[in-house]
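K.L.:
Dropping a structure here in structure tokens format, bear with me for questions.
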Amino acid sequence: MDFAMQPDSEEMQVFRREAQEWFAEAMKDGAHLKFSANWSTRENEEEYEFRRNLARKVGAKGWMFPVYPREYGGGGLTVEHQMVLENEIGKYGLTLEHIFYTLARLAVPCIFTWGTEEQKQAFLPPLMTGEVGCWQLLTEPQGGSDVANAQTTAIKDGDVYVVNGQKTMVGSIHYPDFFWTLVNTNPQGARHENLSWIYIPGDLPGISRSPLNLLMGRKNTVFFDNVRVPEFYLVGGENNGWKVGNTHLELEHSGGGSLGEDGLVKHLIQYCEETESNGAPLLEDPDVRDLLADVLIGSHISALWGRRNWWHRYAHRPHGYGGTQARYYSRMRRLVVAERLQQILGYHTLIPNFDVPEAIDFEHAARQGPGTLHGGGTLDTDRLIMGRRMGLGRPTAEQAPITTPGSSEA
Amino acid sequence: MDLALTEDQAMLKRTVADFMKREAPPTNITGWLQGGVGYVPELFQTAADLGWLGMLVPEAYGGAGLGLSDCAVIFEELGRGPLPGPYFSSGVLGAAVIAEGGSDEQKQRWLPAICQGEEIATLAINDRGYSWGPGSVEMTATDRPEGLTLNGTKMFVHDAAAATVLICAVRHGDGISLALVDMNQPGVSVTPYKGLASPSLGEVRLDEVHVPRSAILGEPGQGWAALERALIQAIPILCAYQVGGCQEVLDFTVEYTRSRVVFGQPIGRFQRVQDHVVDLVNHLDSARWITNETIWKLDTGNEAISSVHEAKAVASDGYYHACNYAHMVFAGPGTDYSHPLVAHMIQSRSLYQYLGNPLYHKRMMMDYLFPRALRS
């Protein structure tokens with residue numbers, strides 16, 4: 001086995017230097033920014049503009065989707081290049097997938113896998129190059145985890161689909177260019193055989209939204225009132241949406257993996273080194289050390305499973321329950337971390353610190369514990385999916401779909 | 001990055017799996033457990049003949065001189081049994097201590113014999129089992145011109161009855177010496193434990209036992225440092241054995257969720273039951289991936305000491321809890337001594353303590369990562 005995340009061939013060393021220089025230049029004007037977390041209300045216009053422009057620059061290089069073909073806006077590069085790029089942008093507290101708030105990371109693999117050639121050429125380049133942003137719309141007020149129960153309808157009328165209904169718990173502050181949306185195209189049809197995915201331009205008449213003020217920031221309810229969407233925008237075939245959704249959900253359920261580092265834990269250790277209590281640094285306190293040991297180990301397990309899933313994804317290895325496992329574990333762990341933080345830092349956990357990036361701020365982590373237990377399905381949904389993927393009580397285990405271009409070399 | 005076994009390793013894994021299927025199927029394992037058998041000499045000899053005991057020992061001393069990752073493949077499969085016997089205690093740990101601490105003459109004397117299964121070397125470190133680390137070594141050697149005289153009891157020695165030689169940690173002068181005690185000499189007696197202890201655990205009593213000066217491993221008083229170096233190499237292999245145990249427990253538990261039908265459906269259809277298996281597999285994969293990464297670090301010369309401590313904490317904890325979750329699924333039948341789960345549960349409890357429990361290793365991990373200015 002080889003766990004190295006830094007490919008060290010000569011070619012990759014040259015590429016890493018190129019990437020380092022490029023990011024140093026591109027990030028220069030944002031050096032003073034303390035990036036906010038996803039869909040946070042902390043994000044100001046200056047930060048948004050910076051990140052929006054950065055995405056366009058990274059996208060123009062093909063680096064937002066390095067392993068996708070160049071003709072669709074990808075980089076046409078290898079998995080090793082992707083590893084280098086993820087490492088380099090990670091140093092600035094960003095990921096390739098979340099330079100700004102967009103869920104292109106979910107829409108792109110689905111459209112790439114299920115779209116027609118014309119659709120791929122029309123939709124993918126703007127998404128992959130960061131020209132447009134996109135929200136995913138799945139959850140409905142009555143649906144929750146029961147995604148297949150989508151009641152937002154898209155009914156064929158000539159050469160358009162007429163969309164009516166509402167989606168909730170979606171998006172962020174800044175309105176997107178497109179919605180990647182699960183709709184019901186056959187209200188009388190059988191469950192799982194009545195769904196479709198449609199890529200809806202955000203500026204069509206009949207779309208409105210209202211804000212939701214949530215523990216983790218800003219989400220929205222989006223309303224569709226007789227929105228007429230050209231039929232060209234329906235991806236993957238009418239009533240084939242449950243299969244298309246398989247690609248989507250695998251990635252949403254952490255099947256994509258990650259190579260990231262846990263900045264929060266680093267920050268916590270540093271804080272405990274620098275902060276004295278009872279005449280000694282917190283890090284010298286035996287009880288604090290015991291608490292930190294559990295935090296470190298949990299963080300390490302999460303990172304290793306992220307790395308495993310990342311490798312499964314890009315090396316196209318058989319993959320079963322790993323995605324949901326990582327998601328379930330990281331969510332449960334965030335609750336534990338939130339409690340550990342209070343045990344170590346007391347009241348200080350409850351006060352935000354605006355001098356650090358939000359993702360490593362303790363108050364954010366304390367909110368995140370209960371605040372992100374649910375996105376993309378509850379903890380119970382996670383366990384349900386794991387059960388299926390392990391084949392509990394069933395003759396065989398379900399496999400995850402291949403979601404991403406790649407090769408057996410990673 | 002490549003997180004798969006190499007082709008050679010995959011082949012080795014199949015070979016060991018076939019060996020286990022043939023020689024140590026669950027019915028044999030449970031039979032040995034019920035008979036109090038902690039060691040099957042014929043199997044041990046077969047494993048020695050196959051070269052599985054000297055994987056990490058340099059070729060110059062009769063071993064294979066391979067990396068940990070190959071060795072771990074073997075021990076993961078043995079852990080699936082769980083196969084009892086001094087495979088790890090002698091073939092990995094005992095050999096490593098002698099390789100790290102012994103003089104060239106001592107290595108020539110002992111290592112080839114250990115690799116061939118002719119000698120079985122097991123460790124006795126702490127006297128009473130309440131703690132680990134140098135402070136737990138209480139037995140004090142009496143220094144005589146011709147050597148050392150040892151008196152006292154070492155509790156909870158793994159594979160005590162199987163061993164031909166005991167690597168016994170003793171207080172000696174200002175330090176700790178490792179004395180090689182011939183288990184067949186007068187004054188040495190072994191009493192196996194009863195109860196939940198693994199059948200391979202025994203209490204070793206030393207009564208006026210004389211050890212010649214030539215049987216002190218390496219430099220007198222310098223034993224602990226050699227032991228620490230050996231433990232760093234050996235512990236991940238023990239973790240792999242525990243991972244194998246977790247994997248076997250998962251596999252037969254998943255199978256049970258398919259075959260056991262109550263209320264008209266397989267129990268795996270019940271979400272409460274699924275929850276237990278989810279918890280089980282999370283423990284398995286925690287242990288597996290931390291162990292794998294630790295082994296990779298050691299094999300590639302990366303700094304790994306804190307990872308070794310972390311791996312032992314997580315693998316011991318994982319095996320322990322994997323068995324607990326399996327017990328939740330199996331209920332009554334899983335408590336029968338003829339059920340393989342009982343063998344795993346019993347093994348998991350003794351391995352939880354072996355070479356230091358999770359709390360000890362977590363603290364070692366922290367002390368290594370963040371040395372304390374004021375040691376209390």
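Naming works like this for the structure tokens: A, B, ... for the chains as they're shown, residue 1 at the start of each chain, ligands 1 onward in shown order.
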Within 7 Å of Leu103 of chain A, counting only C-alpha atoms, which residues show up once you throw out same-chain ones fewer than 3 positions away? Write them as a list in words, please.
P.N.:
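Skipping anything fewer than 3 positions along the chain leaves Leu106, Ala107, Cys134, Trp135 and Gln136 of chain A.
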K.L.:
Can you spit out the residues from that selection as an mmCIF file, in the first residue's frame, using N, CA, C and O atoms?
P.N.:
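For reference, out-v9.cif as written:
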```
data_model
loop_
_atom_site.group_PDB
_atom_site.id
_atom_site.type_symbol
_atom_site.label_atom_id
_atom_site.label_comp_id
_atom_site.auth_asym_id
_atom_site.auth_seq_id
_atom_site.Cartn_x
_atom_site.Cartn_y
_atom_site.Cartn_z
ATOM 1 N N LEU A 106 -21.692 18.127 -7.733
ATOM 2 C CA LEU A 106 -22.725 17.093 -7.849
ATOM 3 C C LEU A 106 -23.345 17.091 -9.246
ATOM 4 O O LEU A 106 -23.604 16.031 -9.817
ATOM 5 N N ALA A 107 -23.606 18.286 -9.787
ATOM 6 C CA ALA A 107 -24.266 18.365 -11.098
ATOM 7 C C ALA A 107 -23.352 17.862 -12.215
ATOM 8 O O ALA A 107 -23.796 17.154 -13.116
ATOM 9 N N CYS A 134 -24.290 26.854 -9.233
ATOM 10 C CA CYS A 134 -25.433 25.958 -9.316
ATOM 11 C C CYS A 134 -25.813 25.479 -7.917
ATOM 12 O O CYS A 134 -24.935 25.208 -7.101
ATOM 13 N N TRP A 135 -27.112 25.440 -7.634
ATOM 14 C CA TRP A 135 -27.572 24.796 -6.396
ATOM 15 C C TRP A 135 -28.180 23.450 -6.743
ATOM 16 O O TRP A 135 -28.673 23.264 -7.845
ATOM 17 N N GLN A 136 -28.158 22.548 -5.788
ATOM 18 C CA GLN A 136 -28.914 21.310 -5.968
ATOM 19 C C GLN A 136 -30.254 21.471 -5.253
ATOM 20 O O GLN A 136 -30.316 21.978 -4.144
#
```
K.L.:
At a cut-off of 8 Å, can you tabulate as a Markdown table every residue of chain B near chain A together with its closest atom pair and the distance in Å to one decimal, using only C-alpha atoms and ordering rows by chain then number?
P.N.:
```
| residue | atom | partner | partner_atom | distance |
| --- | --- | --- | --- | --- |
| B:Met1 | CA | A:Asp2 | CA | 5.0 |
| B:Asp2 | CA | A:Asp2 | CA | 4.9 |
| B:Leu3 | CA | A:Met1 | CA | 4.7 |
| B:Ala4 | CA | A:Met1 | CA | 5.6 |
| B:Leu5 | CA | A:Met1 | CA | 5.9 |
| B:Thr6 | CA | A:Met1 | CA | 7.3 |
| B:Ser69 | CA | A:Met1 | CA | 7.9 |
| B:Val254 | CA | A:Leu392 | CA | 5.9 |
| B:Glu255 | CA | A:Leu392 | CA | 7.8 |
| B:Thr257 | CA | A:Gly393 | CA | 4.9 |
| B:Arg258 | CA | A:Gly393 | CA | 4.0 |
| B:Ser259 | CA | A:Gly393 | CA | 7.5 |
| B:Pro266 | CA | A:Gly393 | CA | 5.1 |
| B:Ile267 | CA | A:Gly393 | CA | 6.1 |
| B:Gly268 | CA | A:Gly393 | CA | 3.6 |
| B:Arg269 | CA | A:Gly393 | CA | 5.0 |
| B:Gln271 | CA | A:Leu384 | CA | 7.1 |
| B:Gln274 | CA | A:Gly387 | CA | 5.8 |
| B:Asp275 | CA | A:Arg383 | CA | 6.6 |
| B:Val277 | CA | A:Gly387 | CA | 7.9 |
| B:Val278 | CA | A:Arg383 | CA | 6.6 |
| B:Asn282 | CA | A:Gln325 | CA | 7.3 |
| B:Ser286 | CA | A:Ile301 | CA | 5.8 |
| B:Trp289 | CA | A:Leu304 | CA | 6.5 |
| B:Ile290 | CA | A:Ile301 | CA | 7.0 |
| B:Asn292 | CA | A:Met1 | CA | 7.8 |
| B:Glu293 | CA | A:Phe3 | CA | 6.6 |
| B:Trp296 | CA | A:Met1 | CA | 6.6 |
| B:Glu310 | CA | A:Ile297 | CA | 7.3 |
| B:Lys362 | CA | A:Ala293 | CA | 6.1 |
| B:Arg363 | CA | A:Asp290 | CA | 6.9 |
| B:Met365 | CA | A:Ala293 | CA | 7.7 |
| B:Met366 | CA | A:Ala293 | CA | 6.4 |
| B:Arg372 | CA | A:Glu284 | CA | 6.1 |
| B:Ala373 | CA | A:Glu284 | CA | 7.4 |
| B:Leu374 | CA | A:Glu284 | CA | 7.4 |
```
K.L.:
Residues at most 12 Å from Phe100 of chain A, counting only C-alpha atoms, excluding those fewer than 4 positions away in the same chain, as a ChimeraX atom specification?
P.N.:
/A:35-40,43,47-56,58-59,64,93-96,104-105,130-135,171-174,176
K.L.:
Extract the full set of strand (DSSP E) residues from segment 128-295 of chain B according to DSSP on the backbone, and format it as an MDAnalysis selection string.
P.N.:
chainID B and resid 142:144 147:158 165:172 175:182 188:192 201:212 261:262 265:266
K.L.:
Env of Phe112 of chain A: 12 Å cut, atoms = only C-alpha atoms, seq-sep filter 5 positions within chain, self excluded. Answer as a PyMOL selection string.
P.N.:
chain A and resi 65+68-69+71-74+104-107+117-125+127-128+235-236+244+247-248+402-405
K.L.:
Deliver the residues from the most recent selection as a file, using C-alpha atoms, as a JSON list (two decimals), in the first residue's frame.
P.N.:
```json
[["chain", "number", "residue", "atom", "x", "y", "z"],
["A", 65, "PHE", "CA", -12.31, 19.50, -12.56],
["A", 68, "TYR", "CA", -12.45, 15.68, -16.82],
["A", 69, "PRO", "CA", -11.87, 16.10, -20.57],
["A", 71, "GLU", "CA", -13.59, 19.71, -24.32],
["A", 72, "TYR", "CA", -16.11, 20.01, -21.47],
["A", 73, "GLY", "CA", -14.08, 22.48, -19.43],
["A", 74, "GLY", "CA", -12.02, 20.01, -17.45],
["A", 104, "ALA", "CA", -21.24, 21.84, -9.52],
["A", 105, "ARG", "CA", -19.41, 18.97, -7.83],
["A", 106, "LEU", "CA", -22.73, 17.09, -7.85],
["A", 107, "ALA", "CA", -24.27, 18.36, -11.10],
["A", 117, "GLU", "CA", -23.51, 14.92, -26.18],
["A", 118, "GLU", "CA", -25.35, 18.18, -26.94],
["A", 119, "GLN", "CA", -26.27, 18.64, -23.29],
["A", 120, "LYS", "CA", -22.73, 17.98, -22.15],
["A", 121, "GLN", "CA", -21.37, 20.53, -24.58],
["A", 122, "ALA", "CA", -23.94, 23.10, -23.59],
["A", 123, "PHE", "CA", -24.03, 22.68, -19.80],
["A", 124, "LEU", "CA", -20.67, 21.43, -18.67],
["A", 125, "PRO", "CA", -18.10, 24.02, -19.81],
["A", 127, "LEU", "CA", -20.09, 24.79, -14.77],
["A", 128, "MET", "CA", -16.60, 23.33, -14.89],
["A", 235, "VAL", "CA", -31.04, 15.22, -18.29],
["A", 236, "GLY", "CA", -30.84, 11.44, -18.29],
["A", 244, "VAL", "CA", -29.41, 9.48, -12.34],
["A", 247, "THR", "CA", -24.65, 9.16, -9.19],
["A", 248, "HIS", "CA", -25.71, 12.32, -7.43],
["A", 402, "ILE", "CA", -18.65, 4.84, -10.74],
["A", 403, "THR", "CA", -19.06, 8.60, -10.58],
["A", 404, "THR", "CA", -15.94, 10.13, -12.01],
["A", 405, "PRO", "CA", -13.53, 9.78, -14.91]]
```
